[in-house]
Structures are given as structure tokens and as C-alpha cells.
>>> print(open('structure-v6.txt').read())   # compact mmCIF, C-alpha atoms
# COMPACT_ATOMS: atom_id res chain seq x y z
CA MET A 1 0.00 0.00 0.00
CA GLN A 2 1.26 3.49 -0.79
CA LEU A 3 1.04 6.23 1.80
CA THR A 4 -1.75 8.65 0.99
CA SER A 5 -0.77 12.24 0.28
CA PHE A 6 -2.39 13.19 3.60
CA ALA A 7 -0.05 10.96 5.58
CA ALA A 8 2.93 11.78 3.40
CA LEU A 9 2.45 15.48 4.10
CA ALA A 10 2.40 14.87 7.82
CA LEU A 11 5.58 12.78 7.65
CA ALA A 12 7.46 15.20 5.43
CA ALA A 13 8.67 17.64 8.10
CA PRO A 14 9.77 17.44 11.71
CA ALA A 15 7.04 18.40 14.16
CA ASN A 16 8.27 20.31 17.18
CA ALA A 17 5.26 22.49 17.91
CA LEU A 18 3.33 23.32 21.03
CA ILE A 19 1.05 26.31 20.62
CA ARG A 20 -0.43 28.24 23.54
CA PHE A 21 -2.63 31.22 22.84
CA SER A 22 -5.26 33.48 24.31
CA CYS A 23 -8.87 33.69 23.15
CA SER A 24 -10.98 36.54 24.55
CA GLN A 25 -14.68 36.28 25.30
CA LEU A 26 -16.80 36.12 22.15
CA VAL A 27 -20.11 35.91 24.01
CA VAL A 28 -21.68 34.59 27.22
CA ASP A 29 -25.03 33.14 26.16
CA ARG A 30 -27.58 30.43 26.91
CA ILE A 31 -27.01 28.52 23.67
CA ASP A 32 -25.36 25.15 22.99
CA PRO A 33 -24.93 24.54 19.24
CA LEU A 34 -23.34 21.12 19.80
CA VAL A 35 -25.63 19.43 22.35
CA ASN A 36 -28.81 21.47 21.77
CA PRO A 37 -28.56 22.82 18.21
CA GLY A 38 -31.37 25.26 17.42
CA MET A 39 -32.69 25.35 21.01
CA VAL A 40 -33.19 28.92 22.26
CA PRO A 41 -32.61 29.17 25.13
CA SER A 42 -30.53 26.11 25.94
CA PRO A 43 -30.71 24.64 29.47
CA HIS A 44 -27.66 26.46 30.84
CA LEU A 45 -25.27 29.35 30.24
CA HIS A 46 -21.92 29.02 28.43
CA GLN A 47 -18.89 31.24 27.93
CA ILE A 48 -17.77 30.95 24.31
CA ILE A 49 -14.64 31.96 22.39
CA GLY A 50 -13.47 31.86 18.77
CA GLY A 51 -14.85 32.80 15.36
CA ASN A 52 -17.83 35.11 14.96
CA SER A 53 -19.68 32.78 12.58
CA LEU A 54 -21.11 31.11 15.69
CA ASN A 55 -24.87 30.57 15.62
CA VAL A 56 -27.38 28.39 17.45
CA THR A 57 -27.30 25.53 14.93
CA MET A 58 -23.70 25.20 13.63
CA ASP A 59 -24.49 22.74 10.87
CA PRO A 60 -21.52 20.33 10.43
CA ALA A 61 -21.22 21.47 6.80
CA LYS A 62 -20.89 25.12 7.86
CA ASP A 63 -17.85 26.95 6.45
CA MET A 64 -16.65 28.48 9.70
CA PRO A 65 -13.46 30.08 8.28
CA GLY A 66 -15.36 31.41 5.25
CA GLU A 67 -18.20 32.88 7.26
CA SER A 68 -16.18 34.35 10.14
CA THR A 69 -15.10 37.97 9.74
CA CYS A 70 -13.11 37.96 12.99
CA THR A 71 -11.95 35.68 15.77
CA SER A 72 -11.49 36.34 19.47
CA CYS A 73 -8.37 34.13 19.38
CA GLN A 74 -4.85 35.47 18.91
CA PHE A 75 -4.21 33.53 15.71
CA THR A 76 -6.44 34.88 12.96
CA GLU A 77 -6.40 31.52 11.17
CA ASP A 78 -8.32 29.94 14.07
CA THR A 79 -12.08 30.45 13.73
CA SER A 80 -12.92 27.37 15.79
CA ASN A 81 -15.39 27.69 18.66
CA TYR A 82 -14.61 26.53 22.17
CA TRP A 83 -16.86 26.76 25.24
CA THR A 84 -17.46 25.76 28.84
CA ALA A 85 -20.12 26.30 31.48
CA VAL A 86 -20.14 29.48 33.60
CA LEU A 87 -19.27 29.69 37.29
CA PHE A 88 -21.47 31.52 39.84
CA PHE A 89 -20.96 32.52 43.47
CA ARG A 90 -23.90 31.88 45.81
CA ALA A 91 -24.19 34.28 48.73
CA ARG A 92 -25.59 33.37 52.13
CA ASN A 93 -28.83 35.18 51.24
CA GLY A 94 -29.34 32.81 48.31
CA THR A 95 -28.54 35.23 45.48
CA PHE A 96 -26.06 34.46 42.70
CA LYS A 97 -23.31 36.49 41.03
CA ARG A 98 -21.50 35.46 37.85
CA VAL A 99 -17.78 35.00 38.50
CA PRO A 100 -15.58 36.99 36.09
CA ILE A 101 -12.71 35.41 34.17
CA ARG A 102 -9.15 36.52 34.79
CA PRO A 103 -6.52 36.70 31.98
CA ASN A 104 -3.82 34.06 32.12
CA VAL A 105 -0.08 34.67 32.46
CA GLY A 106 1.21 36.51 29.41
CA PHE A 107 -2.21 37.68 28.27
CA ASP A 108 -2.87 40.44 30.81
CA ALA A 109 -5.11 42.60 28.60
CA ALA A 110 -7.39 39.80 27.38
CA ASP A 111 -11.11 40.28 27.98
CA GLY A 112 -11.98 37.04 29.78
CA GLY A 113 -12.02 33.91 27.68
CA MET A 114 -9.58 31.02 27.87
CA THR A 115 -6.06 29.88 27.11
CA VAL A 116 -5.95 27.16 24.44
CA TYR A 117 -3.19 24.63 23.81
CA TYR A 118 -2.50 22.23 20.94
CA MET A 119 0.24 19.73 21.88
CA GLN A 120 1.82 16.60 20.49
CA ASN A 121 3.46 15.59 23.77
CA GLY A 122 2.75 16.36 27.41
CA LEU A 123 2.67 20.01 28.43
CA ALA A 124 5.90 19.69 30.44
CA ASP A 125 7.78 18.21 27.45
CA TYR A 126 9.51 21.21 25.88
CA GLN A 127 10.95 19.08 23.08
CA GLN A 128 7.53 18.22 21.59
CA ARG A 129 9.22 15.68 19.31
CA SER A 130 6.22 13.76 17.99
CA LYS A 131 4.99 14.34 14.45
CA VAL A 132 1.33 15.31 14.16
CA THR A 133 -1.62 15.48 11.83
CA ALA A 134 -4.43 17.99 12.35
CA PHE A 135 -8.20 17.57 12.74
CA LYS A 136 -10.36 17.58 9.64
CA SER A 137 -13.08 20.02 8.67
CA GLY A 138 -16.34 19.18 10.47
CA PHE A 139 -14.64 17.59 13.50
CA ARG A 140 -16.29 18.27 16.87
CA MET A 141 -16.26 16.79 20.35
CA LEU A 142 -17.40 17.16 23.95
CA ILE A 143 -15.81 15.97 27.19
CA GLY A 144 -17.34 15.78 30.66
CA ASP A 145 -20.81 14.99 32.02
CA VAL A 146 -23.04 17.90 33.07
CA MET A 147 -24.93 15.49 35.37
CA ALA A 148 -21.88 14.11 37.19
CA ARG A 149 -22.07 14.78 40.93
CA THR A 150 -19.78 12.12 42.42
CA ASP A 151 -16.10 11.31 42.23
CA ASP A 152 -16.83 7.98 40.54
CA GLU A 153 -18.86 9.68 37.81
CA ALA A 154 -16.21 12.35 37.28
CA ASN A 155 -13.36 9.84 37.11
CA LYS A 156 -14.65 8.66 33.74
CA TYR A 157 -13.15 11.91 32.45
CA LYS A 158 -9.58 11.62 33.61
CA GLN A 159 -8.23 15.07 32.81
CA VAL A 160 -11.06 17.47 33.67
CA THR A 161 -9.72 19.13 36.82
CA TYR A 162 -9.25 22.25 38.95
CA THR A 163 -6.21 24.04 40.36
CA CYS A 164 -6.54 26.28 43.43
CA LEU A 165 -4.20 29.11 42.46
CA GLN A 166 -1.94 30.33 45.23
CA ASP A 167 -0.48 32.71 42.66
CA MET A 168 -0.65 32.90 38.87
CA SER A 169 2.13 30.35 38.43
CA THR A 170 0.45 27.58 40.46
CA ARG A 171 -0.29 24.46 38.40
CA PHE A 172 -0.41 21.68 41.02
CA PRO A 173 -2.07 19.91 42.69
CA GLU A 174 -5.15 19.27 40.55
CA THR A 175 -8.48 18.06 41.96
CA LYS A 176 -11.66 16.66 40.42
CA ASN A 177 -13.92 18.70 42.73
CA LEU A 178 -14.14 22.46 43.17
CA PRO A 179 -11.66 23.64 45.83
CA ASN A 180 -13.11 23.65 49.35
CA LYS A 181 -11.15 26.64 50.57
CA PRO A 182 -10.50 30.19 49.27
CA CYS A 183 -7.97 30.31 46.44
CA PRO A 184 -5.80 33.46 46.70
CA ALA A 185 -5.39 33.98 42.93
CA GLY A 186 -8.54 32.27 41.63
CA ILE A 187 -9.68 28.84 40.44
CA MET A 188 -8.26 27.42 37.23
CA ALA A 189 -10.56 24.99 35.42
CA ASN A 190 -8.57 22.59 33.22
CA ILE A 191 -10.07 20.68 30.30
CA ARG A 192 -7.87 18.14 28.49
CA PHE A 193 -9.70 16.38 25.71
CA PRO A 194 -9.47 12.63 25.00
CA THR A 195 -6.48 11.43 23.04
CA CYS A 196 -7.70 8.53 20.89
CA TRP A 197 -10.09 8.61 17.91
CA ASP A 198 -12.07 5.83 16.25
CA GLY A 199 -10.58 6.86 12.90
CA LYS A 200 -13.95 7.14 11.15
CA ASN A 201 -16.35 9.64 12.68
CA LEU A 202 -15.96 13.42 12.79
CA ASP A 203 -18.74 13.38 15.41
CA THR A 204 -21.14 10.94 17.07
CA ALA A 205 -24.60 11.28 18.60
CA ASP A 206 -23.22 11.85 22.11
CA HIS A 207 -20.24 13.86 20.74
CA MET A 208 -17.90 11.62 22.74
CA SER A 209 -18.03 8.02 21.53
CA HIS A 210 -15.68 8.65 18.60
CA MET A 211 -13.04 9.68 21.15
CA SER A 212 -11.40 7.88 24.07
CA TYR A 213 -8.70 8.41 26.65
CA PRO A 214 -5.74 5.99 26.55
CA ALA A 215 -6.50 2.45 27.73
CA ASN A 216 -4.16 3.07 30.67
CA GLY A 217 -2.07 6.00 31.76
CA THR A 218 -2.59 9.45 30.24
CA PHE A 219 -1.59 11.49 27.24
CA ASP A 220 1.36 12.85 29.23
CA SER A 221 2.61 9.34 30.03
CA GLN A 222 2.02 8.19 26.42
CA GLY A 223 -0.46 5.51 27.43
CA PRO A 224 -1.69 3.26 24.59
CA CYS A 225 -5.07 3.77 22.95
CA PRO A 226 -7.77 1.11 23.47
CA SER A 227 -8.33 -1.45 20.72
CA THR A 228 -11.72 0.13 19.94
CA HIS A 229 -10.19 3.40 18.79
CA PRO A 230 -7.02 2.79 16.78
CA VAL A 231 -9.10 1.48 13.87
CA LEU A 232 -8.82 1.63 10.09
CA GLY A 233 -9.99 5.09 9.06
CA ASN A 234 -11.33 6.57 5.87
CA ILE A 235 -7.89 7.61 4.62
CA GLU A 236 -6.72 3.98 4.59
CA ILE A 237 -4.42 4.24 7.57
CA PHE A 238 -4.97 3.64 11.26
CA HIS A 239 -5.75 6.69 13.40
CA ARG A 240 -5.02 7.22 17.07
CA PRO A 241 -5.56 10.96 17.49
CA PHE A 242 -4.14 13.32 20.00
CA LEU A 243 -1.63 11.09 21.70
CA ALA A 244 -2.66 8.75 19.12
CA LEU A 245 -0.97 7.33 16.13
CA ILE A 246 -1.83 6.98 12.48
CA THR A 247 -0.18 3.75 11.40
CA GLU A 248 0.17 2.62 7.78
CA SER A 249 0.67 -1.05 7.02
CA ARG A 250 4.41 -0.53 6.57
CA GLY A 251 4.76 0.75 10.14
CA CYS A 252 4.73 4.55 9.67
CA SER A 253 3.24 6.51 12.57
CA VAL A 254 2.11 10.11 13.05
CA PRO A 255 0.85 11.62 16.34
CA VAL A 256 -2.00 14.15 16.47
CA PRO A 257 -2.27 17.10 18.91
CA GLN A 258 -4.05 17.11 22.22
CA LEU A 259 -6.38 20.03 22.88
CA MET A 260 -6.45 21.70 26.30
CA TYR A 261 -8.34 24.67 27.81
CA GLU A 262 -7.41 26.72 30.87
CA THR A 263 -10.01 29.11 32.32
CA ILE A 264 -9.13 31.21 35.36
CA TRP A 265 -12.23 32.12 37.34
CA ASP A 266 -11.46 35.27 39.30
CA THR A 267 -12.85 34.29 42.69
CA ARG A 268 -10.73 36.78 44.64
CA GLN A 269 -13.65 39.10 45.43
CA PHE A 270 -15.51 36.15 46.97
CA ASN A 271 -12.74 34.91 49.28
CA ASP A 272 -14.03 36.34 52.57
CA PRO A 273 -14.98 33.31 54.74
CA LYS A 274 -17.79 35.38 56.26
CA ASP A 275 -19.52 35.25 52.86
CA TRP A 276 -19.18 31.47 52.54
CA PRO A 277 -21.84 28.99 53.73
CA GLU A 278 -22.05 28.72 57.50
CA ASP A 279 -21.36 24.99 57.33
CA GLY A 280 -17.93 25.72 55.85
CA SER A 281 -18.65 24.25 52.41
CA GLN A 282 -17.54 26.04 49.26
CA PRO A 283 -19.99 28.55 47.64
CA PHE A 284 -19.43 28.17 43.90
CA VAL A 285 -21.99 26.64 41.53
CA TRP A 286 -21.75 25.88 37.81
CA SER A 287 -24.43 27.27 35.49
CA MET A 288 -26.08 23.83 35.23
CA GLY A 289 -26.59 23.78 39.03
CA ASP A 290 -23.54 21.70 39.99
CA HIS A 291 -21.89 22.74 43.27
CA THR A 292 -19.52 19.75 43.39
CA GLY A 293 -17.43 20.62 40.33
CA TYR A 294 -17.73 17.10 38.98
CA GLY A 295 -20.00 18.28 36.13
CA SER A 296 -17.35 20.44 34.43
CA HIS A 297 -17.30 19.97 30.65
CA GLY A 298 -15.91 21.46 27.46
CA ASP A 299 -17.09 21.63 23.84
CA TYR A 300 -15.06 22.01 20.63
CA LEU A 301 -15.93 22.74 17.00
CA PHE A 302 -12.88 22.65 14.72
CA GLY A 303 -12.69 25.69 12.43
CA TRP A 304 -9.09 26.39 11.39
CA LYS A 305 -8.53 27.91 7.95
CA GLY A 306 -7.25 25.50 5.32
CA ASP A 307 -4.15 23.63 6.43
CA ALA A 308 -3.03 26.32 8.90
CA LEU A 309 -3.05 24.01 11.91
CA GLN A 310 -1.23 21.24 10.03
CA ARG A 311 1.46 23.62 8.77
CA THR A 312 1.92 24.96 12.28
CA MET A 313 2.24 21.55 13.91
CA ASP A 314 4.82 20.68 11.22
CA THR A 315 6.91 23.75 12.09
CA PRO A 316 9.56 23.83 14.82
CA CYS A 317 8.13 26.39 17.23
CA TYR A 318 7.03 26.79 20.82
CA VAL A 319 3.99 28.83 21.90
CA THR A 320 3.97 31.14 18.85
CA CYS A 321 4.78 30.08 15.30
CA PRO A 322 5.84 31.86 12.09
CA THR A 323 3.16 30.04 10.11
CA LEU A 324 0.38 31.97 11.87
CA THR A 325 -0.79 35.58 11.93
CA THR A 326 -0.89 36.90 15.49
CA GLN A 327 -3.32 39.74 16.08
CA SER A 328 -3.00 42.07 19.03
CA ILE A 329 -4.97 41.30 22.18
CA ALA A 330 -6.70 44.66 21.69
CA ASN A 331 -7.97 43.45 18.32
CA GLN A 332 -9.05 40.03 19.56
CA ASN A 333 -10.99 41.79 22.33
CA LYS A 334 -13.01 43.60 19.65
CA CYS A 335 -14.42 40.38 18.18
CA LYS A 336 -17.86 40.01 19.79
CA ILE A 337 -21.33 38.84 18.83
CA ASP A 338 -24.67 39.80 20.34
CA ARG A 339 -26.30 37.44 22.80
CA THR A 340 -29.17 35.41 21.36
CA VAL A 341 -30.95 35.12 24.71
CA LYS A 342 -31.68 38.52 26.23
CA GLU A 343 -31.59 38.04 29.99
CA ASP A 344 -29.77 39.51 32.96
CA ILE A 345 -26.52 37.65 33.56
CA ASP A 346 -24.54 40.42 35.29
CA SER A 347 -26.53 41.52 38.35
CA TRP A 348 -26.96 39.74 41.67
CA LEU A 349 -29.62 37.24 40.63
CA PRO A 350 -32.31 35.37 42.61
CA GLU A 351 -31.52 32.27 40.55
CA ILE A 352 -29.07 31.10 37.90
CA PRO A 353 -30.32 31.71 34.32
CA GLY A 354 -32.40 28.72 33.24
CA SER A 355 -33.36 27.95 36.87
CA PRO A 356 -31.30 24.74 37.18
CA THR A 357 -31.78 22.54 40.22
CA ILE A 358 -28.90 23.25 42.58
CA SER A 359 -27.18 20.06 43.68
CA LYS A 360 -26.73 21.33 47.24
CA LYS A 361 -29.41 22.97 49.34
CA TYR A 362 -28.18 25.76 51.62
>>> encode(input="structure-v6.txt", output="C-alpha cells")
Amino acid sequence: MQLTSFAALALAAPANALIRFSCSQLVVDRIDPLVNPGMVPSPHLHQIIGGNSLNVTMDPAKDMPGESTCTSCQFTEDTSNYWTAVLFFRARNGTFKRVPIRPNVGFDAADGGMTVYYMQNGLADYQQRSKVTAFKSGFRMLIGDVMARTDDEANKYKQVTYTCLQDMSTRFPETKNLPNKPCPAGIMANIRFPTCWDGKNLDTADHMSHMSYPANGTFDSQGPCPSTHPVLGNIEIFHRPFLALITESRGCSVPVPQLMYETIWDTRQFNDPKDWPEDGSQPFVWSMGDHTGYGSHGDYLFGWKGDALQRTMDTPCYVTCPTLTTQSIANQNKCKIDRTVKEDIDSWLPEIPGSPTISKKY
């Protein structure tokens, strides 16, 4: 069998890339184009970043790069959309206040949003030696379970975690539950997406079954993919995305990047213990009503222009790359869209938008 041109391109150049970039807030809205396409309003609030072609349906055939006139991400070639739930503080009197998002290290002027990573090896591996192949147009995925409320349920999603920031450089330890004490610099929510693909589907009905974590270990430890996911794909080679490998019958292999989000919830204004529940429990609640933190989740719709992501992952670079156009943070802050659902999300509120059932009664 001959290598397809797709695989040959990926093998042609050394891949030493890890990209880390800021995406400012595009909109905070009660829509969910992946799980609840067309539903207005959706059950709970999300904070969304990326290209301004976002709408409530996001048909898989949509030309996101062609329809976007701006992106809230630093690299103008990236018109993907990324989103998570929204964190609220619950006061002792039962009212709720949306927690703002704090810019990450190096992106001080960013207007909320997230830090996004694409990696071919673990985050701590500065060499990033693996070769990679990028996602394909129409690819989308979800990780996490909005209904998870126990450690056992959350452990199905190995790398959806929190870091209680002592300062802006804190990265360890990570927990599955929301921190149970005040965090001096805020709470970082970490979303690392699964690292193995079934090789066939750009999406599935639950937006997760086409993806899997390694059979044992993690992406960072280069754990092997399960037998269900390194399967023969539609380009006639085996795929194991993200940590994964694409293996041709003659033994060639190409890794694919892992996607990671970091969101820093600026909880500093809510750190006075006198404002926390009298029983000493933590006061933060996700927009779907989860006070445990186990229901954290992230959504992704791939929308890079042409082969921009592939060219970048084929280029020796770290954090920023010469293959991409970097706009100023001031310009990325300007990329906004109007909210579809007109409701108060900024005041002290008697209930969270959508009136979700709170998993803990105060």
C-alpha cells in the first residue's frame, strides 16, 4: 500500500510544535450549538470563544473560516469555537453572582475567555518531538458529564480538573472537585480532551463516543489507545488521534495534537470566609446547578482555515509560530457577537439563568 498524500504530508517535516494562545470572550449566552442545536434558550449558560460565525445551529457542513469575519483568538487563522459552562458565586442570602474570568499569564489585557493549547506531547515536554496530523473540517467533540455529581462519575473523564491558584504560576495539585477553601489567585478549570479517535467519525450522537482516553495512563505518560479506537480510518491508515498514532501497514506513525483549555475564574472578590456557607462548604456553583465541580465539561468545534493548523504543527516552534498571523490582544478583544438570549446575567440574581436545580441545598 502506498502512503496517501495526507499521511505523506504529515511525515514530510519534523514536528516540534506546542502552541499556547489566548482567546478573549466572544459571548456569554444560553445557547449550545453542539448538544442542543437550534434550542433557544438552551438549558444552561456558556462562555464561548473563537470565530464570529457562531450561531445556534452550527451545521456540520458550515464553512466556519469562510463565514467568520473575525476571531477572538490570537491567531487569525483559528475560527474554531470553544466553550465551557459558567461559574457563579452563591451568597448566604441565596442570590447568585457570575464570576468573572481573569486573563492568564502573558495575556494580561485579554477580555476574559480562555487559554488554548495544541500539543503533540505532554505540556511539560519542551521538546515536543512527535509528528502530528491535524483535525479535519467538520470535526467536533465534547468531554465531561453535566450530570456528574460524584467522584466515581467524574473519574470517567480523567483530565477534567481544577487548580486552586496560590499565585498565577500555580499548576499543582489538581483536583476533580471544586476547591473547598479560598484560592488566593482564583480557580483554574482545566479541560484536556481525549487522546484517541475511532478513525472514522468526525462526530457521534453523544459527541464523545468517537473519542477515548488511553486504555491506561494518560496522554502525558504516552499511554496506549484502546483497541476500539485505533481502527482503520477513511484515509486507509490507522488513526489514534491526540496522543494517538496513524499507522500505515508498513509501520509509519504520526501523532496528532491534544487540545487543552485553561479558564481562570477570578474568585478573589468572593474569598471572605464570612460570605461562605455557615457549614464551611464552598460557595461556587456551575451554570447547570452543579456545586460539586464534577460536572465540568468542554465543547469544541474545529474551524481552522485550510491547512493552517497542520502547517503549524509541522513547524519547529514553541507557543507562537511563524506560520500563523498573530493579532494584538486589543484586536481580539473587539471580536464580539450579540447574545441570542436577552436576559440579565450580570446583576446579583435570585436564581441562575435557566433555573437549574442546585445540587446542594443551603
>>> residues_around(input="structure-v6.txt", residues="Lys336 of chain A", least_positions_apart="3", cutoff="10 Å", atoms="all atoms listed in the file", output="MDAnalysis selection string")
chainID A and resid 24:28 49:52 70:72 332:333 339
>>> atom_distance(input="structure-v6.txt", atom1="atom CA of Gly144 of chain A", atom2="atom CA of Tyr294 of chain A")
8.4 Å
>>> residues_around(input="structure-v6.txt", residues="Pro277 of chain A", least_positions_apart="4", cutoff="12 Å", atoms="only C-alpha atoms", output="PyMOL selection string")
chain A and resi 89-94+180-181+270-273+281-284+360-362
>>> closest_residue(input="structure-v6.txt", among="A:Ile31, A:Tyr318, A:Gly138, A:Ala148", to="Lys62 of chain A", atoms="only C-alpha atoms")
A:Gly138
>>> closest_residue(input="structure-v6.txt", among="A:His291, A:Lys342, A:Lys176, A:Arg102", to="Thr267 of chain A", atoms="only C-alpha atoms")
A:Arg102
>>> atom_distance(input="structure-v6.txt", atom1="atom CA of Gln159 of chain A", atom2="atom CA of Pro194 of chain A")
8.3 Å
>>> closest_residue(input="structure-v6.txt", among="A:Asp203, A:Glu351, A:Asp63, A:Asp266", to="Gly113 of chain A", atoms="all atoms listed in the file")
A:Asp266
>>> closest_residue(input="structure-v6.txt", among="A:His210, A:Arg20, A:Arg140, A:Arg171", to="Ala189 of chain A", atoms="only C-alpha atoms")
A:Arg171
>>> closest_residue(input="structure-v6.txt", among="A:Pro179, A:Pro226, A:Pro33, A:Pro103", to="Thr340 of chain A", atoms="all atoms listed in the file")
A:Pro33
>>> residues_around(input="structure-v6.txt", residues="segment 74-87 of chain A", least_positions_apart="3", cutoff="7 Å", atoms="only C-alpha atoms", output="tab-separated table (two decimals) with C-alpha atoms, in the frame of the given file")
chain	number	residue	atom	x	y	z
A	21	PHE	CA	-2.63	31.22	22.84
A	22	SER	CA	-5.26	33.48	24.31
A	23	CYS	CA	-8.87	33.69	23.15
A	45	LEU	CA	-25.27	29.35	30.24
A	46	HIS	CA	-21.92	29.02	28.43
A	47	GLN	CA	-18.89	31.24	27.93
A	48	ILE	CA	-17.77	30.95	24.31
A	49	ILE	CA	-14.64	31.96	22.39
A	50	GLY	CA	-13.47	31.86	18.77
A	51	GLY	CA	-14.85	32.80	15.36
A	64	MET	CA	-16.65	28.48	9.70
A	65	PRO	CA	-13.46	30.08	8.28
A	68	SER	CA	-16.18	34.35	10.14
A	71	THR	CA	-11.95	35.68	15.77
A	98	ARG	CA	-21.50	35.46	37.85
A	99	VAL	CA	-17.78	35.00	38.50
A	284	PHE	CA	-19.43	28.17	43.90
A	285	VAL	CA	-21.99	26.64	41.53
A	286	TRP	CA	-21.75	25.88	37.81
A	287	SER	CA	-24.43	27.27	35.49
A	297	HIS	CA	-17.30	19.97	30.65
A	298	GLY	CA	-15.91	21.46	27.46
A	299	ASP	CA	-17.09	21.63	23.84
A	300	TYR	CA	-15.06	22.01	20.63
A	301	LEU	CA	-15.93	22.74	17.00
A	302	PHE	CA	-12.88	22.65	14.72
A	303	GLY	CA	-12.69	25.69	12.43
A	304	TRP	CA	-9.09	26.39	11.39
A	305	LYS	CA	-8.53	27.91	7.95
A	308	ALA	CA	-3.03	26.32	8.90
A	324	LEU	CA	0.38	31.97	11.87
A	325	THR	CA	-0.79	35.58	11.93
A	326	THR	CA	-0.89	36.90	15.49
A	327	GLN	CA	-3.32	39.74	16.08
A	328	SER	CA	-3.00	42.07	19.03
A	329	ILE	CA	-4.97	41.30	22.18
A	332	GLN	CA	-9.05	40.03	19.56
>>> residues_around(input="structure-v6.txt", residues="Pro43 of chain A", least_positions_apart="6", cutoff="12 Å", atoms="all atoms listed in the file", output="list in words")
Asp29, Arg30, Ile31, Asp32, Pro33, Val35, Asn36, Pro37, Ala85, Val146, Ser287, Met288, Gly289, Val341, Ile352, Pro353, Gly354, Ser355, Pro356 and Thr357 of chain A
>>> atom_distance(input="structure-v6.txt", atom1="atom CA of Thr133 of chain A", atom2="atom CA of Cys73 of chain A")
21.2 Å
>>> closest_residue(input="structure-v6.txt", among="A:Leu54, A:Ala134, A:Ala215, A:Met168", to="Lys156 of chain A", atoms="only C-alpha atoms")
A:Ala215
>>> residues_around(input="structure-v6.txt", residues="Thr323 of chain A", least_positions_apart="3", cutoff="8 Å", atoms="all atoms listed in the file", output="CSV table (one decimal) with C-alpha atoms, in the coordinates of the input")
chain,number,residue,atom,x,y,z
A,308,ALA,CA,-3.0,26.3,8.9
A,311,ARG,CA,1.5,23.6,8.8
A,312,THR,CA,1.9,25.0,12.3
A,315,THR,CA,6.9,23.8,12.1
